[in-house]
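Notes to accompany the following structure.
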Amino acid sequence: MSILLVDDETELTEPLCKILSREGYTIDVANNGNTGIRLALSNNYDLLILDWMLPHKSGLEICQELRVKGLTTPVLFLTAKDTIDDRVLGLDAGADDYIVKPFELRELLARVRALLRRGITPENTETNKLKVADLELDKENYTAYRNQKAIDLSEKELELLEYFMENSGQLLTHEAIYNHLWQDSEQPSSNVLAALVRLLRRKIEIKGQPVLIHTVYGKGYRFGLSE
C-alpha cells in the first residue's frame, strides 16, 4: 500500500514516515502544495494524508482539484482547525476523514487502516465497476479512468471498452465484436472496427504503462495484461 504525506512540518513528517514504513506502507512525502498535487496526479496512491495549511497550495485546494479531475483516492486531513465549520468544509471538499493536531498516533494508524480497507474491493466484483490493471470503468456513470485520471471517450468507445473489460483475457473475434456493438442496427464496413479500436488505443494507452489492447492478427483482439 502506498501513501502520500503532504505536510511542511518536518518534525511531524520524519517520525510519521518511519512509523508508517514500519507498518509496511510505502511513503512519499511532499512539503508544499504544488509538489503534493503533482505527485498525487502522477502516481497511483492508495491514500493521501494532507495537512490543511501548506505553502503554495492548501490541502483543501489539493483535495478539491483532485476530486474535480475524477480522482477517488481516499483523503485524510491533518489539521489544527477543529471547528464544526472547518470539518464540514473539508468533508464537502471531498475529504474522507479528518484528524485534529495534536493527535494520538494509535488513532491516526487506526484511521489509516480504516480508509485503506474501505478502498479495497476484489477486482470486478462490483456490478457497476470494472477494473483491469490500472484501468477502471464506472458503468453506472459511464466514466473511464487510467491510473485514476479521467479519460474522455465517445459512446461507442465506451461500449467497446466495456465489452473488452467484461471479457478480459479472452479472444474476441471481429464477428463477435460487430455483433455486440451493432446488434440492433446494420453493421458498418469492415474498417470501422479497426478505426474504433485505434481511437480507443490512443486514449487509454499511456506511455510507460502496460499495453492492454492486443491484436490477434486475422482473428480479433484480446484485452488485458500480456502474459
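Residues are referred to by chain and number: the chain letter is A, B, ... according to the order shown in the C-alpha cells, the number counts from 1 in that chain, and ligands are numbered separately from 1 in the order shown.
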
Can you pull out every residue within 9 Å of range 69-80 of chain A, counting only C-alpha atoms, but drop anything in the same chain fewer than 4 positions away, and send it as a PyMOL selection string?
chain A and resi 7+41+44-53+59-60+63-65+90+94-103+111-112+115-116+118-119+145+148-150

Could you write out that same residue set with C-alpha atoms as an mmCIF file, in the first residue's frame?
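The resulting file, out.cif, is shown below:
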```cif
data_model
loop_
_atom_site.group_PDB
_atom_site.id
_atom_site.type_symbol
_atom_site.label_atom_id
_atom_site.label_comp_id
_atom_site.auth_asym_id
_atom_site.auth_seq_id
_atom_site.Cartn_x
_atom_site.Cartn_y
_atom_site.Cartn_z
ATOM 1 C CA ASP A 7 2.918 18.329 5.316
ATOM 2 C CA LEU A 41 -1.683 13.303 -10.088
ATOM 3 C CA ASN A 44 -1.382 5.757 -8.097
ATOM 4 C CA TYR A 45 -1.554 6.145 -4.299
ATOM 5 C CA ASP A 46 -3.862 4.164 -2.039
ATOM 6 C CA LEU A 47 -4.220 7.038 0.448
ATOM 7 C CA LEU A 48 -3.410 10.756 0.656
ATOM 8 C CA ILE A 49 -2.667 12.363 4.027
ATOM 9 C CA LEU A 50 -2.890 16.138 3.623
ATOM 10 C CA ASP A 51 -2.120 18.957 6.003
ATOM 11 C CA TRP A 52 -4.704 21.725 5.672
ATOM 12 C CA MET A 53 -2.276 24.656 5.753
ATOM 13 C CA GLY A 59 -4.608 20.762 1.395
ATOM 14 C CA LEU A 60 -8.196 21.873 0.840
ATOM 15 C CA CYS A 63 -8.418 17.821 -2.397
ATOM 16 C CA GLN A 64 -10.854 19.936 -4.410
ATOM 17 C CA GLU A 65 -8.657 19.799 -7.516
ATOM 18 C CA GLY A 90 -13.079 19.739 4.485
ATOM 19 C CA GLY A 94 -14.084 15.618 -0.847
ATOM 20 C CA ALA A 95 -12.106 14.502 2.208
ATOM 21 C CA ASP A 96 -12.903 11.067 3.637
ATOM 22 C CA ASP A 97 -11.700 11.644 7.194
ATOM 23 C CA TYR A 98 -10.290 14.307 9.472
ATOM 24 C CA ILE A 99 -7.960 14.255 12.475
ATOM 25 C CA VAL A 100 -7.024 17.271 14.586
ATOM 26 C CA LYS A 101 -3.455 18.046 15.644
ATOM 27 C CA PRO A 102 -2.072 17.105 18.093
ATOM 28 C CA PHE A 103 -3.302 13.539 17.720
ATOM 29 C CA ARG A 111 -7.896 5.771 10.687
ATOM 30 C CA VAL A 112 -5.295 4.940 8.020
ATOM 31 C CA LEU A 115 -9.541 4.201 4.973
ATOM 32 C CA LEU A 116 -7.330 1.657 3.220
ATOM 33 C CA ARG A 118 -12.597 0.999 2.597
ATOM 34 C CA GLY A 119 -10.730 1.384 -0.693
ATOM 35 C CA TYR A 145 -10.086 6.201 -15.636
ATOM 36 C CA GLN A 148 -7.046 7.396 -11.707
ATOM 37 C CA LYS A 149 -7.087 10.016 -14.483
ATOM 38 C CA ALA A 150 -10.386 10.517 -16.297
#
```

May I ask which of the residues A:Ala194, A:Met165, A:Ala133, A:Leu158 is the closest one to Val211 in chain A, counting only C-alpha atoms?
A:Ala133

Those in range 17-221 of chain A with alpha helix (DSSP H) from DSSP, as number ranges by chain
A: 17-22, 33-42, 59-68, 84-92, 105-118, 155-166, 174-181, 191-204

Just C-alpha atoms for this one: save the residues we selected as a compact mmCIF listing (two decimals), in the first residue's frame.
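And here is the file that came out, part12.txt:
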```
# COMPACT_ATOMS: atom_id res chain seq x y z
CA CYS A 17 7.21 8.27 7.87
CA LYS A 18 9.29 5.91 9.99
CA ILE A 19 6.24 4.61 11.82
CA LEU A 20 4.15 4.15 8.67
CA SER A 21 7.09 2.43 6.97
CA ARG A 22 7.38 0.03 9.92
CA GLY A 33 1.08 22.03 -2.02
CA ASN A 34 2.49 22.31 -5.52
CA THR A 35 4.69 19.24 -5.09
CA GLY A 36 1.83 17.45 -3.37
CA ILE A 37 -0.64 17.91 -6.22
CA ARG A 38 1.99 16.95 -8.80
CA LEU A 39 2.79 13.70 -7.01
CA ALA A 40 -0.88 12.91 -6.40
CA LEU A 41 -1.68 13.30 -10.09
CA SER A 42 1.30 11.35 -11.38
CA GLY A 59 -4.61 20.76 1.40
CA LEU A 60 -8.20 21.87 0.84
CA GLU A 61 -7.30 23.13 -2.66
CA ILE A 62 -5.43 19.90 -3.43
CA CYS A 63 -8.42 17.82 -2.40
CA GLN A 64 -10.85 19.94 -4.41
CA GLU A 65 -8.66 19.80 -7.52
CA LEU A 66 -8.24 16.02 -7.31
CA ARG A 67 -11.98 15.47 -6.98
CA VAL A 68 -12.71 17.76 -9.94
CA ILE A 84 -17.52 22.22 13.02
CA ASP A 85 -17.48 24.66 10.08
CA ASP A 86 -13.90 23.67 9.23
CA ARG A 87 -14.75 19.98 9.36
CA VAL A 88 -17.78 20.46 7.14
CA LEU A 89 -15.68 22.49 4.70
CA GLY A 90 -13.08 19.74 4.49
CA LEU A 91 -15.63 16.97 4.01
CA ASP A 92 -17.51 19.00 1.40
CA LEU A 105 -0.52 8.03 16.89
CA ARG A 106 -2.67 4.96 17.56
CA GLU A 107 -5.73 6.85 16.41
CA LEU A 108 -4.02 8.01 13.21
CA LEU A 109 -2.90 4.47 12.38
CA ALA A 110 -6.41 3.18 13.04
CA ARG A 111 -7.90 5.77 10.69
CA VAL A 112 -5.30 4.94 8.02
CA ARG A 113 -6.17 1.25 8.25
CA ALA A 114 -9.88 2.00 8.07
CA LEU A 115 -9.54 4.20 4.97
CA LEU A 116 -7.33 1.66 3.22
CA ARG A 117 -9.80 -1.14 3.98
CA ARG A 118 -12.60 1.00 2.60
CA GLU A 155 -20.39 6.41 -26.51
CA LYS A 156 -19.17 3.74 -28.94
CA GLU A 157 -15.67 3.76 -27.45
CA LEU A 158 -17.17 3.22 -24.00
CA GLU A 159 -19.30 0.33 -25.30
CA LEU A 160 -16.24 -1.31 -26.83
CA LEU A 161 -14.15 -0.77 -23.70
CA GLU A 162 -16.89 -2.27 -21.52
CA TYR A 163 -17.09 -5.35 -23.80
CA PHE A 164 -13.30 -5.73 -23.72
CA MET A 165 -13.12 -5.43 -19.92
CA GLU A 166 -16.03 -7.81 -19.31
CA HIS A 174 -14.14 -9.43 -35.23
CA GLU A 175 -17.57 -11.01 -35.78
CA ALA A 176 -18.33 -11.19 -32.05
CA ILE A 177 -17.43 -7.53 -31.56
CA TYR A 178 -19.51 -6.41 -34.55
CA ASN A 179 -22.48 -8.42 -33.31
CA HIS A 180 -22.17 -6.90 -29.83
CA LEU A 181 -21.69 -3.27 -30.83
CA ASN A 191 -12.64 -0.97 -41.46
CA VAL A 192 -14.92 0.81 -38.94
CA LEU A 193 -13.99 -1.56 -36.11
CA ALA A 194 -10.26 -1.16 -36.78
CA ALA A 195 -10.68 2.63 -36.69
CA LEU A 196 -12.66 2.44 -33.44
CA VAL A 197 -10.02 0.26 -31.79
CA ARG A 198 -7.30 2.63 -32.98
CA LEU A 199 -9.10 5.62 -31.42
CA LEU A 200 -9.64 3.72 -28.15
CA ARG A 201 -5.96 2.74 -28.03
CA ARG A 202 -4.88 6.37 -28.40
CA LYS A 203 -6.99 7.36 -25.41
CA ILE A 204 -6.33 4.55 -22.95
```

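For the set A:Ser168, A:Ser2, A:Asn141, A:Asn128, the residue with the smallest atom-to-atom gap to Phe223 in chain A is A:Ser168, counting only C-alpha atoms.
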
Enumerate as a VMD selection string all residues of range 121-159 of chain A assigned to strand (DSSP E or B) by DSSP on the backbone, naming them with the chain letters and numbers the document uses.
chain A and resid 129 to 132 135 to 138 143 to 146 149 to 151

Point out the residue among A:Asn31, A:Tyr142, A:Ala93, A:Ile213 with the least atom-to-atom distance to Lys129 in chain A, counting only C-alpha atoms.
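Of A:Asn31, A:Tyr142, A:Ala93, A:Ile213, the one nearest Lys129 in chain A, counting only C-alpha atoms, is A:Tyr142.
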
With distances taken over only C-alpha atoms, which of A:Ser154, A:Arg146, A:Ser189, A:Pro55 is nearest to Lys207 in chain A?
A:Arg146

Which residue out of A:Asn32, A:Asn147, A:Thr173, A:Gln183 has the minimum interatomic distance to Gly208 in chain A when only C-alpha atoms are used?
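Distance minimum relative to Gly208 in chain A lands on A:Asn147.
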